[in-house]
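Data from protein-v2.csv: CSV, C-alpha atoms
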chain,number,residue,atom,x,y,z
A,843,MET,CA,8.7,-74.5,-63.6
A,844,LYS,CA,8.7,-71.2,-61.7
A,845,ALA,CA,9.8,-67.8,-62.7
A,846,ARG,CA,10.6,-64.8,-60.6
A,847,VAL,CA,10.3,-61.3,-62.0
A,848,TYR,CA,11.9,-58.3,-60.4
A,849,VAL,CA,10.4,-54.9,-61.4
A,850,THR,CA,12.3,-51.8,-60.4
A,851,LEU,CA,12.2,-48.1,-61.3
A,852,LYS,CA,14.7,-47.1,-63.9
A,853,ASN,CA,17.7,-45.1,-62.7
A,854,GLY,CA,16.9,-41.4,-62.7
A,855,VAL,CA,13.2,-41.9,-62.1
A,856,LEU,CA,12.3,-40.3,-58.7
A,857,ASP,CA,11.1,-42.9,-56.2
A,858,PRO,CA,9.2,-41.0,-53.5
A,859,GLN,CA,8.3,-44.3,-51.7
A,860,GLY,CA,11.9,-45.3,-51.5
A,861,ALA,CA,12.8,-41.8,-50.2
A,862,ALA,CA,10.2,-42.2,-47.5
A,863,VAL,CA,11.5,-45.6,-46.5
A,864,GLN,CA,15.1,-44.2,-46.4
A,865,HIS,CA,13.8,-41.4,-44.1
A,866,ALA,CA,12.1,-43.8,-41.8
A,867,LEU,CA,15.2,-46.0,-41.6
A,868,GLY,CA,17.2,-42.9,-40.6
A,869,SER,CA,14.7,-42.0,-37.9
A,870,LEU,CA,15.0,-45.6,-36.5
A,871,GLY,CA,18.8,-45.0,-36.1
A,872,PHE,CA,20.0,-46.9,-39.1
A,873,ASP,CA,22.7,-44.5,-40.3
A,874,GLY,CA,24.6,-44.8,-43.5
A,875,VAL,CA,21.7,-45.7,-45.9
A,876,ASP,CA,22.5,-43.6,-48.9
A,877,ALA,CA,19.5,-44.4,-51.0
A,878,VAL,CA,16.5,-46.8,-51.1
A,879,ARG,CA,14.8,-47.9,-54.2
A,880,GLN,CA,11.5,-49.8,-53.9
A,881,GLY,CA,10.3,-52.4,-56.4
A,882,LYS,CA,8.1,-55.5,-56.8
A,883,VAL,CA,8.7,-59.2,-57.0
A,884,ILE,CA,6.3,-61.3,-59.0
A,885,GLU,CA,6.4,-65.1,-58.9
A,886,LEU,CA,4.8,-67.2,-61.7
A,887,ASP,CA,4.1,-70.9,-61.8
A,888,LEU,CA,4.5,-72.0,-65.4
A,889,THR,CA,3.5,-75.2,-67.2
A,890,GLU,CA,6.4,-74.8,-69.7
A,891,THR,CA,9.2,-77.2,-69.0
A,892,ASP,CA,11.8,-75.7,-71.4
A,893,ALA,CA,13.8,-73.0,-69.5
A,894,ALA,CA,14.6,-70.9,-72.6
A,895,LYS,CA,11.0,-70.9,-73.8
A,896,ALA,CA,9.8,-70.1,-70.4
A,897,GLU,CA,12.2,-67.1,-70.2
A,898,ALA,CA,11.2,-65.8,-73.6
A,899,SER,CA,7.6,-66.0,-72.7
A,900,VAL,CA,8.0,-64.3,-69.3
A,901,ILE,CA,10.0,-61.5,-71.0
A,902,GLN,CA,7.0,-60.9,-73.3
A,903,MET,CA,4.7,-60.9,-70.2
A,904,CYS,CA,6.9,-58.2,-68.7
A,905,GLU,CA,6.9,-56.1,-71.8
A,906,LYS,CA,3.2,-56.3,-72.3
A,907,LEU,CA,1.9,-56.1,-68.7
A,908,LEU,CA,4.1,-56.8,-65.7
A,909,ALA,CA,6.4,-53.8,-66.1
A,910,ASN,CA,5.8,-50.3,-67.5
A,911,THR,CA,8.9,-50.0,-69.6
A,912,VAL,CA,8.6,-46.2,-69.8
A,913,ILE,CA,9.7,-46.0,-66.1
A,914,GLU,CA,10.6,-49.5,-65.0
A,915,ASP,CA,13.3,-52.1,-65.7
A,916,PHE,CA,12.7,-55.8,-65.2
A,917,LYS,CA,14.8,-58.9,-64.6
A,918,VAL,CA,13.6,-62.5,-65.1
A,919,GLU,CA,14.9,-65.5,-63.1
A,920,ILE,CA,13.8,-69.0,-64.1
A,921,LEU,CA,13.9,-71.3,-61.1
N,103,MET,CA,-22.7,-36.2,-80.3
N,104,ARG,CA,-22.9,-39.9,-79.7
N,105,SER,CA,-20.9,-40.9,-76.7
N,106,ALA,CA,-20.0,-44.0,-74.7
N,107,VAL,CA,-18.5,-44.4,-71.2
N,108,ILE,CA,-16.4,-47.4,-70.5
N,109,VAL,CA,-17.1,-49.1,-67.2
N,110,PHE,CA,-14.5,-51.2,-65.4
N,111,PRO,CA,-14.9,-53.0,-62.0
N,112,GLY,CA,-13.9,-50.1,-59.6
N,113,SER,CA,-14.9,-47.2,-61.9
N,114,ASN,CA,-16.7,-44.7,-59.8
N,115,CYS,CA,-17.0,-41.5,-61.9
N,116,ASP,CA,-18.8,-43.3,-64.8
N,117,ARG,CA,-22.3,-42.0,-64.0
N,118,ASP,CA,-21.1,-38.4,-63.5
N,119,MET,CA,-19.3,-38.7,-66.8
N,120,ALA,CA,-22.5,-39.9,-68.5
N,121,VAL,CA,-24.6,-37.2,-67.0
N,122,ALA,CA,-22.1,-34.5,-68.1
N,123,LEU,CA,-22.0,-35.9,-71.7
N,124,GLU,CA,-25.8,-36.1,-71.8
N,125,ARG,CA,-26.4,-32.6,-70.6
N,126,ALA,CA,-24.0,-31.1,-73.1
N,127,SER,CA,-25.2,-33.2,-76.1
N,128,GLY,CA,-28.8,-33.9,-75.4
N,129,THR,CA,-28.1,-37.5,-76.3
N,130,LYS,CA,-28.0,-40.4,-73.8
N,131,SER,CA,-24.5,-41.7,-73.3
N,132,GLN,CA,-24.1,-45.5,-73.6
N,133,MET,CA,-22.4,-47.4,-70.8
N,134,VAL,CA,-20.0,-50.1,-72.2
N,135,TRP,CA,-18.8,-52.9,-69.9
N,136,HIS,CA,-15.1,-53.7,-70.1
N,137,LYS,CA,-15.7,-57.3,-71.1
N,138,ASP,CA,-17.6,-56.3,-74.2
N,139,ALA,CA,-15.4,-56.8,-77.3
N,140,SER,CA,-17.0,-54.2,-79.5
N,141,LEU,CA,-18.3,-50.7,-79.2
N,142,PRO,CA,-21.7,-49.3,-80.2
N,143,ASP,CA,-21.7,-48.1,-83.8
N,144,ASN,CA,-21.2,-44.5,-84.9
N,145,LEU,CA,-19.7,-43.1,-81.7
N,146,ASP,CA,-18.2,-39.6,-81.7
N,147,VAL,CA,-16.5,-39.7,-78.4
N,148,ILE,CA,-15.5,-42.3,-75.8
N,149,ALA,CA,-14.9,-41.4,-72.2
N,150,ILE,CA,-12.8,-43.4,-69.8
N,151,PRO,CA,-13.9,-42.4,-66.3
N,152,GLY,CA,-12.2,-42.0,-63.0
N,153,GLY,CA,-12.2,-44.5,-60.2
N,154,PHE,CA,-10.0,-47.4,-59.1
N,155,SER,CA,-10.3,-49.9,-61.9
N,156,PHE,CA,-9.2,-53.3,-60.8
N,157,GLY,CA,-8.3,-51.9,-57.4
N,158,ASP,CA,-5.2,-50.2,-58.8
N,159,TYR,CA,-3.6,-53.6,-58.8
N,160,LEU,CA,-0.1,-53.9,-60.4
N,161,ARG,CA,-0.1,-50.3,-61.5
N,162,CYS,CA,-3.0,-47.8,-61.7
N,163,GLY,CA,-4.9,-48.5,-65.0
N,164,ALA,CA,-2.6,-51.4,-66.0
N,165,ILE,CA,-5.1,-54.2,-65.9
N,166,ALA,CA,-8.0,-52.0,-67.3
N,167,ALA,CA,-5.8,-51.1,-70.3
N,168,ARG,CA,-5.5,-54.8,-71.2
N,169,SER,CA,-9.2,-55.5,-70.9
N,170,PRO,CA,-11.1,-56.7,-74.1
N,171,ILE,CA,-12.9,-53.4,-74.8
N,172,MET,CA,-9.7,-51.4,-74.8
N,173,ARG,CA,-8.5,-53.0,-78.1
N,174,SER,CA,-11.6,-51.5,-79.7
N,175,VAL,CA,-11.0,-48.2,-77.9
N,176,VAL,CA,-7.4,-48.1,-79.3
N,177,ASP,CA,-8.7,-48.9,-82.8
N,178,PHE,CA,-11.3,-46.1,-82.5
N,179,ALA,CA,-8.6,-43.6,-81.4
N,180,ASN,CA,-6.2,-44.8,-84.2
N,181,LYS,CA,-9.0,-44.2,-86.7
N,182,GLY,CA,-9.3,-40.6,-85.5
N,183,GLY,CA,-12.0,-41.0,-82.9
N,184,HIS,CA,-12.1,-38.6,-79.8
N,185,VAL,CA,-11.3,-40.2,-76.4
N,186,LEU,CA,-11.4,-38.4,-73.1
N,187,GLY,CA,-9.7,-40.0,-70.0
N,188,VAL,CA,-10.1,-38.4,-66.6
N,189,CYS,CA,-8.1,-39.4,-63.6
N,190,ASN,CA,-8.0,-43.2,-63.6
N,191,GLY,CA,-9.1,-42.8,-67.2
N,192,PHE,CA,-5.9,-40.8,-67.9
N,193,GLN,CA,-3.9,-43.6,-66.3
N,194,VAL,CA,-5.7,-46.2,-68.5
N,195,LEU,CA,-4.9,-44.1,-71.6
N,196,ILE,CA,-1.2,-44.0,-70.7
N,197,GLU,CA,-1.1,-47.7,-69.9
N,198,SER,CA,-2.8,-48.5,-73.2
N,199,GLY,CA,-0.2,-46.4,-75.1
N,200,LEU,CA,-2.6,-43.8,-76.5
N,201,LEU,CA,-0.8,-41.1,-74.6
N,202,PRO,CA,3.0,-40.9,-73.8
N,203,GLY,CA,4.8,-40.7,-70.4
N,204,ALA,CA,3.8,-42.2,-67.1
N,205,LEU,CA,1.8,-41.4,-64.0
N,206,MET,CA,3.5,-42.2,-60.7
N,207,ARG,CA,2.8,-41.9,-57.0
N,208,ASN,CA,2.3,-38.3,-55.9
N,209,SER,CA,5.6,-36.8,-54.7
N,210,GLY,CA,4.0,-36.1,-51.3
N,211,LEU,CA,2.9,-39.8,-51.1
N,212,LYS,CA,-0.6,-38.8,-50.0
N,213,PHE,CA,-3.9,-39.1,-51.7
N,214,VAL,CA,-4.8,-35.5,-52.7
N,215,CYS,CA,-8.5,-34.6,-52.8
N,216,LYS,CA,-9.2,-30.8,-53.2
N,217,ASP,CA,-10.3,-28.1,-55.6
N,218,THR,CA,-7.3,-27.1,-57.7
N,219,ASP,CA,-6.6,-24.1,-60.0
N,220,ILE,CA,-5.6,-25.3,-63.4
N,221,LYS,CA,-4.4,-23.1,-66.3
N,222,VAL,CA,-5.7,-23.8,-69.9
N,223,GLU,CA,-2.6,-24.1,-72.0
N,224,THR,CA,-4.2,-24.6,-75.4
N,225,SER,CA,-7.7,-23.9,-76.8
N,226,ASN,CA,-6.7,-25.8,-79.9
N,227,SER,CA,-8.7,-29.1,-79.4
N,228,ALA,CA,-12.3,-30.2,-79.5
N,229,PHE,CA,-12.1,-30.5,-75.7
N,230,THR,CA,-10.8,-27.0,-75.0
N,231,ASN,CA,-12.1,-24.8,-77.8
N,232,MET,CA,-14.5,-23.0,-75.5
N,233,TYR,CA,-11.7,-22.0,-73.1
N,234,SER,CA,-9.2,-19.2,-73.6
N,235,LYS,CA,-5.5,-19.9,-73.5
N,236,GLY,CA,-4.1,-18.8,-70.2
N,237,GLU,CA,-7.5,-18.9,-68.5
N,238,VAL,CA,-7.5,-20.4,-64.9
N,239,VAL,CA,-10.4,-22.7,-63.9
N,240,THR,CA,-10.9,-24.5,-60.7
N,241,TYR,CA,-11.6,-28.3,-61.0
N,242,PRO,CA,-11.5,-30.9,-58.3
N,243,ILE,CA,-8.7,-33.4,-58.2
N,244,ALA,CA,-8.8,-36.7,-56.2
N,245,HIS,CA,-5.8,-39.0,-56.8
N,246,HIS,CA,-2.9,-40.9,-55.4
N,247,ASP,CA,-0.9,-41.4,-58.6
N,248,GLY,CA,-1.1,-38.2,-60.7
N,249,ASN,CA,2.6,-37.3,-60.8
N,250,TYR,CA,3.1,-37.1,-64.6
N,251,VAL,CA,6.5,-38.1,-65.6
N,252,ALA,CA,8.1,-37.1,-69.0
N,253,ASP,CA,11.7,-37.1,-69.9
N,254,ASP,CA,13.3,-34.0,-71.5
N,255,ALA,CA,12.8,-35.3,-75.0
N,256,LEU,CA,9.1,-36.0,-74.5
N,257,LEU,CA,8.5,-32.7,-72.7
N,258,ALA,CA,10.1,-30.8,-75.5
N,259,ARG,CA,7.9,-32.7,-78.0
N,260,LEU,CA,4.7,-31.9,-75.9
N,261,ARG,CA,5.7,-28.3,-75.7
N,262,GLY,CA,6.7,-27.9,-79.3
N,263,ASP,CA,3.5,-29.5,-80.6
N,264,ASP,CA,1.3,-27.5,-78.1
N,265,ARG,CA,0.0,-30.7,-76.6
N,266,ILE,CA,0.0,-29.7,-73.0
N,267,ALA,CA,-3.7,-29.0,-72.4
N,268,PHE,CA,-3.7,-28.0,-68.7
N,269,THR,CA,-1.1,-27.2,-66.0
N,270,TYR,CA,-1.5,-26.7,-62.3
N,271,THR,CA,-0.9,-23.2,-60.9
N,272,ASP,CA,0.2,-24.8,-57.6
N,273,ASN,CA,1.6,-28.3,-58.4
N,274,PRO,CA,-0.1,-30.8,-56.0
N,275,ASN,CA,1.7,-34.0,-57.0
N,276,GLY,CA,5.1,-33.3,-58.4
N,277,SER,CA,4.2,-33.6,-62.1
N,278,THR,CA,6.8,-32.7,-64.6
N,279,ALA,CA,6.3,-29.0,-65.7
N,280,ASP,CA,3.1,-28.9,-63.6
N,281,ILE,CA,1.3,-30.9,-66.2
N,282,ALA,CA,-2.3,-31.7,-65.4
N,283,GLY,CA,-3.5,-32.9,-68.9
N,284,ILE,CA,-2.0,-33.7,-72.3
N,285,LEU,CA,-3.3,-34.3,-75.8
N,286,SER,CA,-2.3,-37.0,-78.3
N,287,GLU,CA,-0.4,-36.1,-81.5
N,288,ASN,CA,-3.7,-35.8,-83.5
N,289,ARG,CA,-5.2,-33.7,-80.6
N,290,ARG,CA,-8.2,-36.1,-80.4
N,291,VAL,CA,-7.2,-37.9,-77.2
N,292,LEU,CA,-7.1,-36.0,-74.0
N,293,GLY,CA,-6.0,-37.3,-70.6
N,294,MET,CA,-6.2,-35.2,-67.5
N,295,MET,CA,-6.2,-35.7,-63.7
N,296,PRO,CA,-8.7,-33.0,-62.7
N,297,HIS,CA,-12.4,-33.9,-62.9
N,298,PRO,CA,-14.5,-31.5,-65.1
N,299,GLU,CA,-17.4,-34.0,-64.8
N,300,ARG,CA,-17.7,-33.3,-61.1
N,301,LEU,CA,-18.6,-29.7,-61.7
N,302,ASN,CA,-21.8,-30.1,-63.6
N,303,ASP,CA,-24.5,-29.0,-61.3
N,304,PRO,CA,-24.9,-26.0,-59.0
N,305,GLU,CA,-25.6,-28.4,-56.2
N,306,LEU,CA,-22.2,-29.9,-56.6
N,307,GLY,CA,-20.4,-26.6,-56.3
N,308,GLY,CA,-20.7,-25.2,-59.8
N,309,THR,CA,-21.1,-25.8,-63.5
N,310,ASP,CA,-17.7,-24.8,-64.8
N,311,GLY,CA,-16.9,-28.3,-65.9
N,312,ASN,CA,-19.7,-28.1,-68.5
N,313,ARG,CA,-17.6,-26.1,-70.8
N,314,MET,CA,-15.4,-29.1,-71.8
N,315,PHE,CA,-18.5,-31.2,-72.7
N,316,THR,CA,-20.2,-28.3,-74.5
N,317,SER,CA,-16.9,-27.7,-76.4
N,318,LEU,CA,-17.0,-31.4,-77.4
N,319,ALA,CA,-20.7,-31.4,-78.3
N,320,GLU,CA,-20.3,-28.4,-80.6
N,321,ALA,CA,-17.2,-29.7,-82.2
N,322,LEU,CA,-18.6,-33.2,-82.8
N,323,VAL,CA,-22.2,-32.4,-83.9
N,324,SER,CA,-23.5,-35.7,-85.1
N,325,ALA,CA,-24.5,-35.9,-88.7

Take the structure from the file and write it as structure tokens.
Amino acid sequence: MKARVYVTLKNGVLDPQGAAVQHALGSLGFDGVDAVRQGKVIELDLTETDAAKAEASVIQMCEKLLANTVIEDFKVEIL
Amino acid sequence: MRSAVIVFPGSNCDRDMAVALERASGTKSQMVWHKDASLPDNLDVIAIPGGFSFGDYLRCGAIAARSPIMRSVVDFANKGGHVLGVCNGFQVLIESGLLPGALMRNSGLKFVCKDTDIKVETSNSAFTNMYSKGEVVTYPIAHHDGNYVADDALLARLRGDDRIAFTYTDNPNGSTADIAGILSENRRVLGMMPHPERLNDPELGGTDGNRMFTSLAEALVSA
């Protein structure tokens, strides 16, 4: 079973890398990009076969290591 | 003062830190590898050095903060031990939950490496008792992720409890309220981005950094 974790900055946390990407898109002529937020995708191969258990376990992984919940939100997908 | 320096793969200020602690205390600092599960006995202070522990993978300090030795360091701090984290060490202390807030990418996105004026905001700690409040000292900084982030509630708490140890006079990284270093609630854990241990020899540009280690050595005279 695979899991995919999306880690993104919380709303309101300044994202200087996203701002730089937005600026670069503008200079390439891509108009109309109001904001860019950059995040991470982490894919996990799990031995667990029960989707609910896998999700619960990945949520714990996010809280303990994969995301810094002071500044980041996370979303877990079980595939 | 009995001290230990924690060494992670990628630490690069560990020896400077050990020299600074030894010069101030006259006692050899013990180097402790991150995979060790326990600390030497009877320590007065633990230093988490600068560097790029675990290549800054995932987030700066994130992997180091979950290494085996850090459980013992957190226990040591929770029992009232003194812990100093400089640069990557500050990031590790935040990731381990010993200090609040977060350290993010510098607002200018560039690695900043230069001498920086920092203002001493409190002399009320074992680390800063030999400084005067309001005094400005010049310490080197060298970091990519030193942008300290605190929300309004945390900032009010840090200010109200006099826990901001140092601020930059000319903010190099976008830190909230120019913060360069903060203390824990019991004032025994200090995390800071500037490097006092890099100013410990006239040949390295000065000895101003000694004062932090002499402060500590005098406050923590071993029995």

N:Arg125, N:Arg259, N:Arg265, N:Arg161 ranked by distance to chain A, top pick (using only C-alpha atoms) = N:Arg161

Starting from chain N, keep only residues with some atom at most 9 Å from an atom of chain A, counting only C-alpha atoms, and report them as a ChimeraX atom specification.
-> /N:160-161,164-165,168,197,202-204,206-211,251

Any chance you can output those residues with C-alpha atoms as a short mmCIF file (atom, residue, chain, number, x, y, z; two decimals), in the coordinates of the input?
data_model
loop_
_atom_site.label_atom_id
_atom_site.label_comp_id
_atom_site.auth_asym_id
_atom_site.auth_seq_id
_atom_site.Cartn_x
_atom_site.Cartn_y
_atom_site.Cartn_z
CA LEU N 160 -0.10 -53.90 -60.40
CA ARG N 161 -0.10 -50.30 -61.50
CA ALA N 164 -2.60 -51.40 -66.00
CA ILE N 165 -5.10 -54.20 -65.90
CA ARG N 168 -5.50 -54.80 -71.20
CA GLU N 197 -1.10 -47.70 -69.90
CA PRO N 202 3.00 -40.90 -73.80
CA GLY N 203 4.80 -40.70 -70.40
CA ALA N 204 3.80 -42.20 -67.10
CA MET N 206 3.50 -42.20 -60.70
CA ARG N 207 2.80 -41.90 -57.00
CA ASN N 208 2.30 -38.30 -55.90
CA SER N 209 5.60 -36.80 -54.70
CA GLY N 210 4.00 -36.10 -51.30
CA LEU N 211 2.90 -39.80 -51.10
CA VAL N 251 6.50 -38.10 -65.60
#

So what do you get for atom CA of His184 of chain N versus atom CA of Ser169 of chain N, distance-wise?
-> 19.3 Å

Atom CA of Val194 of chain N to atom CA of Cys904 of chain A, straight-line distance in Å =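 Taking atom CA of Cys904 of chain A and atom CA of Val194 of chain N, their separation equals 17.4 Å.
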
Proximity check segment 150-228 of chain N to segment 274-294 of chain N, 8 Å, nearest pairs one decimal Å, all atoms listed in the file, as CSV:
residue,atom,partner,partner_atom,distance
N:Ala179,CA,N:Val291,CA,7.2
N:Gly182,CA,N:Arg290,CA,6.9
N:Gly183,CA,N:Arg290,CA,6.7
N:His184,CA,N:Arg290,CA,4.7
N:Val185,CA,N:Val291,CA,4.8
N:Leu186,CA,N:Leu292,CA,5.0
N:Gly187,CA,N:Gly293,CA,4.6
N:Val188,CA,N:Met294,CA,5.1
N:Cys189,CA,N:Met294,CA,6.0
N:Gly191,CA,N:Gly293,CA,7.2
N:Phe192,CA,N:Gly293,CA,4.4
N:Gln193,CA,N:Gly293,CA,7.9
N:Leu195,CA,N:Gly293,CA,7.0
N:Leu200,CA,N:Ser286,CA,7.0
N:Leu201,CA,N:Ser286,CA,5.7
N:Pro202,CA,N:Ser286,CA,8.0
N:Arg207,CA,N:Asn275,CA,8.0
N:Asn208,CA,N:Asn275,CA,4.5
N:Ser209,CA,N:Gly276,CA,5.1
N:Gly210,CA,N:Asn275,CA,6.5
N:Val214,CA,N:Pro274,CA,7.4
N:Ile220,CA,N:Ala282,CA,7.5
N:Ser227,CA,N:Arg289,CA,5.9
N:Ala228,CA,N:Arg290,CA,7.2

Expected answer as an MDAnalysis selection string: all residues with atoms within 10 Å of (17.2, -68.3, -63.0), only C-alpha atoms | chainID A and resid 844:847 893 897 917:921

Looking at A:Gly868, A:Ala898, A:Gly860, A:Gly881, which one is nearest to Glu914 of chain A, with distances taken over only C-alpha atoms?
->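 Nearest to Glu914 of chain A: A:Gly881.
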
Which residue of N:Phe229, N:Ser105, N:Tyr241, N:Thr129 approaches Phe315 of chain N most closely, using all atoms listed in the file =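 For Phe315 of chain N, the nearest of the given residues is N:Phe229.
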
Using atom CA of Arg313 of chain N and atom CA of Pro242 of chain N as the two end points, give the distance in Å to one decimal.
-> 14.7 Å

Name all residues at most 7 Å from Phe156 of chain N (count only C-alpha atoms; drop same-chain ones fewer than 2 positions away) and give them as a PDB file with C-alpha atoms, in the frame of the given file.
ATOM      1  CA  PRO N 111     -14.900 -53.000 -62.000  1.00  0.00           C
ATOM      2  CA  GLY N 112     -13.900 -50.100 -59.600  1.00  0.00           C
ATOM      3  CA  PHE N 154     -10.000 -47.400 -59.100  1.00  0.00           C
ATOM      4  CA  ASP N 158      -5.200 -50.200 -58.800  1.00  0.00           C
ATOM      5  CA  TYR N 159      -3.600 -53.600 -58.800  1.00  0.00           C
ATOM      6  CA  ILE N 165      -5.100 -54.200 -65.900  1.00  0.00           C
ATOM      7  CA  ALA N 166      -8.000 -52.000 -67.300  1.00  0.00           C
TER       8      ALA N 166
END

With N, CA and C atoms as the atom set, please write segment 156-177 of chain N from the structure just given, as a CSV table (one decimal), in the first residue's frame.
chain,number,residue,atom,x,y,z
N,156,PHE,N,22.6,16.1,9.0
N,156,PHE,CA,21.9,15.3,8.0
N,156,PHE,C,21.6,16.1,6.7
N,157,GLY,N,22.5,17.0,6.3
N,157,GLY,CA,22.4,17.7,5.1
N,157,GLY,C,21.2,18.6,5.0
N,158,ASP,N,20.6,19.0,6.1
N,158,ASP,CA,19.4,19.8,6.2
N,158,ASP,C,18.2,19.1,5.4
N,159,TYR,N,18.3,17.8,5.3
N,159,TYR,CA,17.2,17.1,4.7
N,159,TYR,C,15.9,17.3,5.4
N,160,LEU,N,14.8,17.2,4.7
N,160,LEU,CA,13.4,17.4,5.2
N,160,LEU,C,13.2,18.9,5.7
N,161,ARG,N,13.7,19.2,6.8
N,161,ARG,CA,13.8,20.6,7.3
N,161,ARG,C,15.1,20.7,8.1
N,162,CYS,N,15.7,21.9,8.2
N,162,CYS,CA,16.9,22.0,9.0
N,162,CYS,C,16.7,21.6,10.4
N,163,GLY,N,17.5,20.6,10.8
N,163,GLY,CA,17.5,20.2,12.2
N,163,GLY,C,16.4,19.1,12.5
N,164,ALA,N,15.6,18.8,11.5
N,164,ALA,CA,14.4,17.9,11.8
N,164,ALA,C,14.9,16.5,12.1
N,165,ILE,N,15.8,16.0,11.3
N,165,ILE,CA,16.3,14.6,11.5
N,165,ILE,C,17.1,14.5,12.8
N,166,ALA,N,18.0,15.5,13.0
N,166,ALA,CA,18.9,15.5,14.2
N,166,ALA,C,18.0,15.5,15.4
N,167,ALA,N,16.9,16.2,15.4
N,167,ALA,CA,16.1,16.4,16.6
N,167,ALA,C,15.4,15.0,17.0
N,168,ARG,N,15.4,14.1,16.0
N,168,ARG,CA,14.8,12.8,16.3
N,168,ARG,C,15.9,11.7,16.5
N,169,SER,N,17.1,12.1,16.6
N,169,SER,CA,18.2,11.1,16.8
N,169,SER,C,18.2,10.6,18.2
N,170,PRO,N,18.8,9.4,18.5
N,170,PRO,CA,18.7,8.8,19.8
N,170,PRO,C,19.1,9.7,20.9
N,171,ILE,N,20.2,10.4,20.8
N,171,ILE,CA,20.8,11.2,21.9
N,171,ILE,C,19.8,12.3,22.3
N,172,MET,N,19.0,12.8,21.3
N,172,MET,CA,18.2,14.0,21.7
N,172,MET,C,17.1,13.7,22.7
N,173,ARG,N,16.7,12.4,22.8
N,173,ARG,CA,15.8,12.1,23.9
N,173,ARG,C,16.4,12.4,25.3
N,174,SER,N,17.7,12.0,25.4
N,174,SER,CA,18.4,12.3,26.6
N,174,SER,C,18.7,13.8,26.8
N,175,VAL,N,18.9,14.5,25.7
N,175,VAL,CA,19.1,16.0,25.8
N,175,VAL,C,17.8,16.6,26.3
N,176,VAL,N,16.7,16.2,25.8
N,176,VAL,CA,15.4,16.8,26.2
N,176,VAL,C,15.1,16.4,27.6
N,177,ASP,N,15.4,15.2,28.1
N,177,ASP,CA,15.3,14.9,29.5
N,177,ASP,C,16.1,15.8,30.4
